[in-house]
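Undergrad: Contents of upload-v4.cif (mmCIF, C-alpha atoms and all ligand atoms):
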```
data_data
#
loop_
_atom_site.label_atom_id
_atom_site.label_comp_id
_atom_site.auth_asym_id
_atom_site.auth_seq_id
_atom_site.Cartn_x
_atom_site.Cartn_y
_atom_site.Cartn_z
CA MET G 1 11.92 39.31 -20.01
CA ASP G 2 11.13 40.47 -16.53
CA GLY G 3 11.86 37.76 -13.96
CA ASN G 4 11.06 39.98 -10.97
CA THR G 5 7.47 40.55 -12.05
CA LEU G 6 6.76 36.94 -12.99
CA ALA G 7 8.43 35.65 -9.79
CA LYS G 8 6.17 37.93 -7.77
CA GLN G 9 3.09 36.54 -9.53
CA VAL G 10 4.29 32.99 -8.85
CA ARG G 11 4.84 33.80 -5.16
CA ILE G 12 1.32 35.23 -4.86
CA GLY G 13 -0.04 32.00 -6.33
CA VAL G 14 2.05 29.89 -3.94
CA ARG G 15 0.88 31.97 -0.98
CA LYS G 16 -2.77 31.34 -1.88
CA GLN G 17 -2.10 27.61 -2.02
CA THR G 18 -0.09 27.40 1.21
CA ALA G 19 -2.99 29.08 3.02
CA LEU G 20 -5.21 26.11 2.10
CA LEU G 21 -2.96 23.51 3.76
CA PRO G 22 -3.57 22.20 7.30
CA GLU G 23 -0.20 23.64 8.31
CA PRO G 24 2.40 25.74 6.49
CA PRO G 25 5.05 24.01 4.38
CA GLY G 26 8.50 23.84 5.99
CA LEU G 27 11.76 24.28 4.10
CA ALA G 28 15.10 23.45 5.72
CA VAL G 29 18.03 25.33 4.22
CA ILE G 30 21.45 24.01 5.20
CA GLN G 31 24.53 26.11 4.75
CA VAL G 32 28.04 24.90 5.53
CA GLY G 33 30.78 27.48 6.01
CA GLU G 34 30.80 31.16 5.17
CA ASN G 35 30.75 31.40 1.36
CA PRO G 36 29.62 35.04 0.92
CA ALA G 37 27.58 34.36 -2.23
CA SER G 38 25.80 31.47 -0.47
CA MET G 39 24.95 33.76 2.47
CA VAL G 40 23.20 36.15 0.07
CA TYR G 41 21.31 33.31 -1.67
CA VAL G 42 20.23 31.77 1.63
CA ASN G 43 18.98 35.13 2.89
CA ASN G 44 16.99 35.71 -0.30
CA LYS G 45 15.42 32.26 0.05
CA ARG G 46 14.40 33.00 3.62
CA ARG G 47 12.72 36.24 2.54
CA ASP G 48 10.88 34.49 -0.29
CA CYS G 49 9.65 31.81 2.15
CA GLU G 50 8.18 34.53 4.38
CA ARG G 51 6.38 36.06 1.40
CA CYS G 52 4.91 32.68 0.44
CA GLY G 53 3.69 31.48 3.82
CA ILE G 54 6.46 28.87 4.01
CA VAL G 55 8.35 28.38 7.27
CA SER G 56 12.09 28.34 6.65
CA TYR G 57 14.43 26.55 9.02
CA ALA G 58 18.02 27.76 8.66
CA HIS G 59 20.76 25.31 9.64
CA HIS G 60 24.26 26.70 9.60
CA LEU G 61 27.20 24.33 10.15
CA ASP G 62 30.81 25.36 10.63
CA GLU G 63 33.06 24.69 7.69
CA ASP G 64 34.90 22.02 9.68
CA ALA G 65 31.73 20.28 10.98
CA GLY G 66 32.45 17.38 8.63
CA GLN G 67 30.57 15.08 6.30
CA ALA G 68 29.28 12.77 9.07
CA LYS G 69 27.68 15.64 10.97
CA LEU G 70 26.03 16.97 7.82
CA LEU G 71 24.69 13.50 6.94
CA GLU G 72 23.35 13.14 10.47
CA LEU G 73 21.50 16.47 10.15
CA ILE G 74 20.00 15.45 6.78
CA ARG G 75 18.82 12.11 8.21
CA PHE G 76 17.21 13.92 11.12
CA LEU G 77 15.44 16.36 8.77
CA ASN G 78 14.31 13.47 6.53
CA GLY G 79 12.29 12.20 9.49
CA GLU G 80 10.95 15.56 10.66
CA PRO G 81 7.22 15.89 9.90
CA HIS G 82 7.20 19.71 9.76
CA ILE G 83 9.95 19.79 7.15
CA HIS G 84 8.68 19.14 3.62
CA GLY G 85 11.72 20.30 1.66
CA ILE G 86 15.47 20.07 2.32
CA LEU G 87 18.05 22.13 0.47
CA VAL G 88 21.81 22.00 0.95
CA GLN G 89 23.34 25.17 -0.41
CA LEU G 90 26.08 24.42 -2.94
CA PRO G 91 28.99 24.59 -3.39
CA LEU G 92 30.04 22.80 -0.20
CA PRO G 93 33.46 23.60 1.24
CA LYS G 94 36.47 21.43 0.36
CA GLY G 95 36.43 18.01 2.00
CA TYR G 96 32.68 17.41 1.53
CA GLY G 97 31.42 14.90 -1.02
CA SER G 98 28.40 16.70 -2.41
CA ASP G 99 27.16 13.62 -4.29
CA ALA G 100 26.78 11.53 -1.12
CA ILE G 101 25.14 14.49 0.61
CA ILE G 102 22.60 15.02 -2.18
CA GLN G 103 21.75 11.30 -2.34
CA ALA G 104 21.09 11.30 1.42
CA ILE G 105 18.15 13.69 1.03
CA SER G 106 14.82 11.88 0.92
CA PRO G 107 13.53 12.09 -2.70
CA GLU G 108 10.18 13.20 -1.25
CA LYS G 109 11.90 16.29 0.17
CA ASP G 110 14.25 16.87 -2.76
CA VAL G 111 13.02 20.36 -3.69
CA ASP G 112 16.29 21.12 -5.53
CA ALA G 113 15.62 18.08 -7.77
CA PHE G 114 19.26 16.99 -7.53
CA HIS G 115 18.71 13.42 -6.22
CA ALA G 116 19.51 10.61 -8.69
CA LEU G 117 15.92 9.33 -8.52
CA THR G 118 14.50 12.79 -9.30
CA VAL G 119 17.03 13.32 -12.10
CA GLY G 120 16.16 9.90 -13.54
CA LYS G 121 12.45 10.69 -13.52
CA LEU G 122 13.10 14.00 -15.26
CA TYR G 123 15.25 12.27 -17.86
CA LEU G 124 12.58 9.65 -18.51
CA ASN G 125 9.83 12.28 -18.46
CA SER G 126 7.98 10.01 -16.03
CA GLY G 127 6.66 12.51 -13.53
CA PRO G 128 5.29 13.70 -11.32
CA ALA G 129 8.63 14.71 -9.85
CA PHE G 130 10.27 17.93 -8.79
CA GLU G 131 11.86 19.94 -11.57
CA PRO G 132 15.21 21.62 -10.98
CA CYS G 133 14.57 25.24 -10.05
CA THR G 134 16.73 27.16 -12.51
CA PRO G 135 15.71 25.33 -15.71
CA ALA G 136 12.09 25.33 -14.50
CA GLY G 137 12.36 29.09 -13.98
CA VAL G 138 13.71 29.55 -17.51
CA ILE G 139 10.85 27.49 -18.97
CA ALA G 140 8.29 29.48 -16.94
CA LEU G 141 9.72 32.74 -18.33
CA LEU G 142 9.67 31.43 -21.92
CA ASP G 143 6.06 30.26 -21.40
CA ARG G 144 5.05 33.63 -19.96
CA TYR G 145 6.33 35.40 -23.07
CA GLU G 146 4.64 32.76 -25.26
CA ILE G 147 7.86 31.64 -26.88
CA ASP G 148 7.05 28.50 -28.82
CA LEU G 149 9.82 25.94 -28.46
CA ARG G 150 8.53 23.24 -30.80
CA GLY G 151 11.09 22.56 -33.52
CA LYS G 152 13.18 25.56 -32.46
CA HIS G 153 16.94 25.25 -32.19
CA CYS G 154 17.81 25.83 -28.54
CA VAL G 155 21.52 26.15 -27.82
CA VAL G 156 22.51 25.70 -24.17
CA VAL G 157 25.99 26.82 -23.21
CA GLY G 158 27.10 24.95 -20.07
CA ARG G 159 26.59 21.32 -19.06
CA SER G 160 26.30 21.42 -15.28
CA ASN G 161 24.05 19.02 -13.38
CA ILE G 162 22.24 22.04 -11.90
CA VAL G 163 21.44 23.89 -15.13
CA GLY G 164 22.86 22.80 -18.50
CA LYS G 165 22.01 19.10 -18.51
CA PRO G 166 18.46 19.33 -17.06
CA MET G 167 17.81 22.43 -19.21
CA GLY G 168 18.62 20.45 -22.35
CA THR G 169 16.37 17.60 -21.21
CA MET G 170 13.43 19.89 -20.45
CA LEU G 171 13.74 21.68 -23.79
CA LEU G 172 13.82 18.31 -25.54
CA HIS G 173 10.59 17.35 -23.78
CA ARG G 174 9.07 20.49 -25.27
CA ASN G 175 10.05 19.29 -28.73
CA ALA G 176 12.93 21.71 -29.25
CA THR G 177 16.04 20.71 -31.16
CA VAL G 178 18.78 20.95 -28.56
CA THR G 179 22.51 21.55 -28.75
CA ILE G 180 24.59 21.62 -25.57
CA CYS G 181 27.92 23.45 -25.81
CA HIS G 182 30.64 23.55 -23.16
CA GLY G 183 34.25 24.44 -22.44
CA SER G 184 35.62 21.97 -24.99
CA THR G 185 33.30 23.02 -27.81
CA VAL G 186 35.30 24.03 -30.86
CA ASP G 187 34.09 27.31 -32.41
CA LEU G 188 31.33 28.21 -29.92
CA PRO G 189 30.08 31.20 -32.02
CA SER G 190 29.30 28.89 -34.97
CA PHE G 191 26.77 27.13 -32.68
CA THR G 192 25.36 30.14 -30.84
CA ARG G 193 24.69 31.91 -34.16
CA GLN G 194 22.32 29.09 -35.11
CA ALA G 195 20.26 29.47 -31.95
CA ASP G 196 16.61 30.51 -32.03
CA VAL G 197 16.83 30.36 -28.25
CA LEU G 198 20.24 30.83 -26.66
CA ILE G 199 20.69 29.96 -22.99
CA SER G 200 24.02 30.71 -21.35
CA ALA G 201 24.80 29.06 -18.01
CA VAL G 202 28.55 29.27 -17.68
CA GLY G 203 29.49 31.96 -15.17
CA LYS G 204 31.84 33.95 -17.38
CA SER G 205 31.07 37.62 -17.94
CA GLY G 206 31.30 38.89 -21.50
CA LEU G 207 31.09 35.34 -22.92
CA ILE G 208 28.16 36.04 -25.25
CA THR G 209 28.71 39.03 -27.51
CA ALA G 210 26.36 40.52 -30.10
CA ASP G 211 28.18 38.93 -33.06
CA MET G 212 27.41 35.49 -31.56
CA VAL G 213 23.64 36.03 -31.62
CA LYS G 214 21.29 35.55 -34.57
CA PRO G 215 19.09 38.63 -35.10
CA GLY G 216 15.70 38.05 -33.48
CA ALA G 217 16.92 35.26 -31.21
CA VAL G 218 15.68 34.83 -27.64
CA VAL G 219 18.57 35.13 -25.17
CA VAL G 220 18.41 33.80 -21.61
CA ASP G 221 21.27 34.63 -19.27
CA VAL G 222 21.70 32.23 -16.35
CA GLY G 223 25.18 33.48 -15.43
CA ILE G 224 25.81 35.29 -12.15
CA ASN G 225 29.20 36.98 -12.03
CA ARG G 226 30.55 39.49 -9.58
CA ILE G 227 32.73 42.23 -10.99
CA ASP G 228 33.90 44.46 -8.17
CA ASP G 229 30.59 45.08 -6.43
CA LYS G 230 28.39 44.68 -9.50
CA ILE G 231 26.49 41.57 -10.55
CA CYS G 232 26.38 40.72 -14.23
CA GLY G 233 25.56 37.71 -16.38
CA ASP G 234 27.38 35.90 -19.20
CA VAL G 235 25.81 38.10 -21.88
CA ASP G 236 26.97 41.53 -22.99
CA PHE G 237 23.47 42.89 -22.30
CA ASP G 238 23.78 46.40 -23.78
CA GLU G 239 24.95 45.12 -27.18
CA VAL G 240 22.99 41.86 -27.38
CA GLU G 241 19.76 43.67 -26.47
CA LYS G 242 20.01 45.43 -29.85
CA VAL G 243 19.90 42.13 -31.81
CA ALA G 244 17.74 39.87 -29.64
CA SER G 245 13.93 39.78 -29.75
CA TYR G 246 13.79 38.92 -26.04
CA ILE G 247 16.54 38.95 -23.42
CA THR G 248 16.73 38.44 -19.65
CA PRO G 249 18.64 40.94 -17.53
CA VAL G 250 21.01 40.08 -14.67
CA PRO G 251 19.96 40.75 -11.98
CA GLY G 252 16.17 40.54 -12.34
CA GLY G 253 15.89 37.76 -14.90
CA VAL G 254 16.43 34.10 -14.12
CA GLY G 255 17.60 34.53 -10.48
CA PRO G 256 14.23 35.47 -8.93
CA MET G 257 12.56 32.79 -11.06
CA THR G 258 14.89 30.12 -9.64
CA ARG G 259 13.79 31.05 -6.12
CA ALA G 260 10.14 31.22 -7.15
CA MET G 261 10.41 27.64 -8.47
CA LEU G 262 11.93 26.58 -5.14
CA MET G 263 8.81 27.95 -3.46
CA THR G 264 6.64 26.05 -5.96
CA ASN G 265 8.54 22.81 -5.29
CA THR G 266 8.26 23.26 -1.53
CA LEU G 267 4.51 23.82 -1.88
CA LYS G 268 4.29 20.66 -4.04
CA ALA G 269 6.25 18.66 -1.46
CA ALA G 270 3.87 19.76 1.31
CA GLN G 271 0.77 19.13 -0.81
CA LYS G 272 1.98 15.59 -1.55
CA TYR G 273 2.75 15.05 2.13
CA PHE G 274 -0.74 16.05 3.25
CA MET G 275 -2.31 14.05 0.39
CA ARG G 276 -0.47 10.92 1.55
CA GLY G 277 -2.27 11.40 4.86
CA LYS G 278 1.03 12.33 6.56
N1 LIG G 301 24.03 26.88 -5.64
C1 LIG G 301 23.83 27.53 -6.81
N2 LIG G 301 22.60 27.24 -7.29
C2 LIG G 301 22.03 26.39 -6.41
C3 LIG G 301 20.77 25.75 -6.36
O1 LIG G 301 19.91 25.87 -7.23
N3 LIG G 301 20.56 24.97 -5.28
C4 LIG G 301 21.48 24.79 -4.31
N4 LIG G 301 21.20 23.98 -3.30
N5 LIG G 301 22.67 25.36 -4.33
C5 LIG G 301 22.94 26.16 -5.38
#
```
Show me, as structure tokens, the structure contained in the file I just sent.
TA:
Amino acid sequence: MDGNTLAKQVRIGVRKQTALLPEPPGLAVIQVGENPASMVYVNNKRRDCERCGIVSYAHHLDEDAGQAKLLELIRFLNGEPHIHGILVQLPLPKGYGSDAIIQAISPEKDVDAFHALTVGKLYLNSGPAFEPCTPAGVIALLDRYEIDLRGKHCVVVGRSNIVGKPMGTMLLHRNATVTICHGSTVDLPSFTRQADVLISAVGKSGLITADMVKPGAVVVDVGINRIDDKICGDVDFDEVEKVASYITPVPGGVGPMTRAMLMTNTLKAAQKYFMRGK
């Protein structure tokens, strides 16, 4: 499943919509410290914003700026009319309480969909709310390839707030039968082998091997792992490709879709803002 191509199509759609607004959507991206992976992600987001007609505002704080300074910046951005979305790049350096930071973002600007109110709405299926970008990107890919989820056994490996938990919830809302596995799961292969759709979001290269996959299964790899200078996912792609009916590569699978969904959420935030009459 080709995330690059679908992400490009999504961006073209977003660009058409942003052009119809009275002013371009604004996305504030806050980075704290110098995490090298975060620098790459933030740069990619900036480039995607340019392609979509979204103005990105980069805010870079020193690692030792402190929680109070970060909260002050978020409160300022909450009140800024040209900013429709606010994203704090995670993970934050040691000493920051990411929960308090996330809850400080106005739910109307919560394009990451990490705020408790947004998460609650997703859980209750009582939209319209933002959907978290990575699980939304996975669903968009599955939809694009017309993979029917109703009644299918979807096994999610990983239970993070960013991917595993919301992924399970969204699959459930599409009438899948959902199993969530994690680090304490006894006999992981016995679960993954039952999966019609297997989604791995752990961050451990080589975790999913061909013997763990049912022939014909759909395999989605959310992992991003750096080995020397190469990026790979959780799935042993070369071997699993031989058994799976569909599989996402890393890079070029879920990653670009995550960013495309961020663009979609930022567009939505701006559309809602202009519909409210500012
Ligand atoms: N770090 C890894 N993934 C994400 C994401 O989706 N959003 C933010 N803000 N930080 C991340």
Undergrad: If you count all atoms listed in the file, which residues end up within 6 Å of ligand LIG 301 (chain G), as a PyMOL selection string?
TA: chain G and resi 87-91+112
Undergrad: Work out how far apart atom CA of Arg226 of chain G and atom CA of Gln194 of chain G are and give it in Å to one decimal.
TA: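 These atoms are spaced 28.8 Å apart.
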Undergrad: Can you pull out every residue within 6 Å of Val156 of chain G, counting all atoms listed in the file, but drop anything in the same chain fewer than 3 positions away, and send it as a PyMOL selection string?
TA: chain G and resi 180+199-200
Undergrad: Using all atoms listed in the file, which of the listed residues (G:Leu142, G:Leu207, G:Leu122, G:Val32) sits closest to Met257 of chain G?
TA: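 Ranked by minimum distance to Met257 of chain G, first place goes to G:Leu142.
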Undergrad: Tell me, in Å to one decimal, how far atom CA of Asp187 of chain G is from atom CA of Lys214 of chain G.
TA: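 Separation of atom CA of Asp187 of chain G and atom CA of Lys214 of chain G: 15.4 Å.
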Undergrad: Which polymer residues have any atom within 12 Å of an atom of Ala19 of chain G, counting only C-alpha atoms, with same-chain residues fewer than 5 positions away left out, as number ranges by chain?
TA: G: 12-14, 24-25, 51-54, 267, 270-271
Undergrad: Using Å and a single decimal, report how far atom CA of Val119 of chain G sits from atom CA of Pro251 of chain G.
TA: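 Distance reported for this atom pair: 27.6 Å.
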Undergrad: Hey, which of G:Cys133, G:Met212, G:Met39, G:Ile86 ends up closest to Ala269 of chain G? Count all atoms listed in the file.
TA: G:Ile86
